[in-house]
Amino acid sequence: MSTAGYIALLVSALVTLLLRVLPILLMSRIRLGVTARNWLGFIPAAIMAAMVAAELILKPEWSSSGLSISAMAAAIATVCGLISRSLFVTVLAGVAAFMGLQYWLG
């Protein structure tokens, strides 16, 4: 790789690091109100919902009989999440359900 390539790689790494670290450093000095903290608490759930919805809509997995394996796995994960209230259990159940359904119905 040429010198220009190494410089571009270094600059990209520094920009990425700054974009990730700088907001954390700046926000750590600011005291947010209760309303703002409560509002920010919904962001992880909103991001997870957007990722799941995008996968279900844009890249669904179908069985040979026409059943949506993705939707069934999402339903199983939702039930497990409502019962356990644990993100780890929800993701584990969703992955296991998808793999199992894909094996049996695939």
# chains A, B, ... in the order shown; residues from 1 in each chain; ligands from 1
call {"tool": "residues_around", "arguments": {"residues": "A:Pro60", "least_positions_apart": "6", "cutoff": "12 Å", "atoms": "only C-alpha atoms", "output": "PDB file with N, CA, C and O atoms, in the first residue's frame"}}
result
ATOM      1  N   VAL A  52     -35.287  -4.944  13.370  1.00  0.00           N
ATOM      2  CA  VAL A  52     -36.114  -6.139  13.175  1.00  0.00           C
ATOM      3  C   VAL A  52     -37.142  -5.898  12.082  1.00  0.00           C
ATOM      4  O   VAL A  52     -37.348  -6.745  11.203  1.00  0.00           O
ATOM      5  N   ALA A  53     -37.799  -4.750  12.106  1.00  0.00           N
ATOM      6  CA  ALA A  53     -38.809  -4.446  11.092  1.00  0.00           C
ATOM      7  C   ALA A  53     -38.190  -4.402   9.694  1.00  0.00           C
ATOM      8  O   ALA A  53     -38.773  -4.920   8.735  1.00  0.00           O
ATOM      9  N   ALA A  54     -37.013  -3.825   9.576  1.00  0.00           N
ATOM     10  CA  ALA A  54     -36.345  -3.757   8.273  1.00  0.00           C
ATOM     11  C   ALA A  54     -36.020  -5.155   7.761  1.00  0.00           C
ATOM     12  O   ALA A  54     -36.203  -5.446   6.574  1.00  0.00           O
ATOM     13  N   GLY A  66     -44.593 -21.702   1.712  1.00  0.00           N
ATOM     14  CA  GLY A  66     -45.101 -20.343   1.676  1.00  0.00           C
ATOM     15  C   GLY A  66     -45.265 -19.677   3.025  1.00  0.00           C
ATOM     16  O   GLY A  66     -45.792 -18.577   3.111  1.00  0.00           O
ATOM     17  N   LEU A  67     -44.804 -20.327   4.087  1.00  0.00           N
ATOM     18  CA  LEU A  67     -44.885 -19.725   5.421  1.00  0.00           C
ATOM     19  C   LEU A  67     -43.671 -18.819   5.642  1.00  0.00           C
ATOM     20  O   LEU A  67     -42.573 -19.115   5.188  1.00  0.00           O
ATOM     21  N   SER A  68     -43.890 -17.733   6.353  1.00  0.00           N
ATOM     22  CA  SER A  68     -42.798 -16.806   6.636  1.00  0.00           C
ATOM     23  C   SER A  68     -42.036 -17.274   7.878  1.00  0.00           C
ATOM     24  O   SER A  68     -42.529 -17.145   9.009  1.00  0.00           O
ATOM     25  N   ILE A  69     -40.862 -17.808   7.642  1.00  0.00           N
ATOM     26  CA  ILE A  69     -40.024 -18.272   8.750  1.00  0.00           C
ATOM     27  C   ILE A  69     -39.606 -17.076   9.608  1.00  0.00           C
ATOM     28  O   ILE A  69     -39.570 -17.161  10.836  1.00  0.00           O
ATOM     29  N   SER A  70     -39.318 -15.966   8.965  1.00  0.00           N
ATOM     30  CA  SER A  70     -38.894 -14.764   9.689  1.00  0.00           C
ATOM     31  C   SER A  70     -39.983 -14.276  10.642  1.00  0.00           C
ATOM     32  O   SER A  70     -39.713 -13.948  11.807  1.00  0.00           O
ATOM     33  N   ALA A  71     -41.227 -14.232  10.166  1.00  0.00           N
ATOM     34  CA  ALA A  71     -42.334 -13.752  11.007  1.00  0.00           C
ATOM     35  C   ALA A  71     -42.607 -14.706  12.156  1.00  0.00           C
ATOM     36  O   ALA A  71     -42.888 -14.269  13.285  1.00  0.00           O
ATOM     37  N   MET A  72     -42.531 -16.008  11.901  1.00  0.00           N
ATOM     38  CA  MET A  72     -42.759 -16.974  12.985  1.00  0.00           C
ATOM     39  C   MET A  72     -41.665 -16.872  14.043  1.00  0.00           C
ATOM     40  O   MET A  72     -41.943 -16.905  15.247  1.00  0.00           O
ATOM     41  N   ALA A  73     -40.407 -16.735  13.618  1.00  0.00           N
ATOM     42  CA  ALA A  73     -39.310 -16.586  14.573  1.00  0.00           C
ATOM     43  C   ALA A  73     -39.449 -15.287  15.362  1.00  0.00           C
ATOM     44  O   ALA A  73     -39.190 -15.249  16.569  1.00  0.00           O
ATOM     45  N   ALA A  74     -39.888 -14.217  14.702  1.00  0.00           N
ATOM     46  CA  ALA A  74     -40.100 -12.941  15.396  1.00  0.00           C
ATOM     47  C   ALA A  74     -41.223 -13.066  16.418  1.00  0.00           C
ATOM     48  O   ALA A  74     -41.139 -12.499  17.517  1.00  0.00           O
ATOM     49  N   PHE A  98     -35.453 -19.189  14.572  1.00  0.00           N
ATOM     50  CA  PHE A  98     -35.198 -19.035  13.136  1.00  0.00           C
ATOM     51  C   PHE A  98     -34.422 -20.230  12.593  1.00  0.00           C
ATOM     52  O   PHE A  98     -34.774 -20.785  11.557  1.00  0.00           O
ATOM     53  N   GLN A 102     -36.068 -22.891  10.098  1.00  0.00           N
ATOM     54  CA  GLN A 102     -35.441 -23.002   8.792  1.00  0.00           C
ATOM     55  C   GLN A 102     -35.018 -24.451   8.518  1.00  0.00           C
ATOM     56  O   GLN A 102     -35.126 -24.934   7.402  1.00  0.00           O
TER      57      GLN A 102
END
call {"tool": "select_by_dssp", "arguments": {"residues": "chain A", "states": "alpha helix (DSSP H)", "output": "PyMOL selection string"}}
result
chain A and resi 3-27+34-40+43-58+69-84+87-105
call {"tool": "closest_residue", "arguments": {"among": "A:Thr3, A:Trp62, A:Ala97, A:Leu14", "to": "A:Val79", "atoms": "only C-alpha atoms"}}
result
A:Ala97
call {"tool": "atom_distance", "arguments": {"atom1": "atom CA of A:Thr35", "atom2": "atom CA of A:Ile47"}}
result
19.5 Å
call {"tool": "atom_distance", "arguments": {"atom1": "atom CA of A:Ser86", "atom2": "atom CA of A:Met51"}}
result
17.6 Å
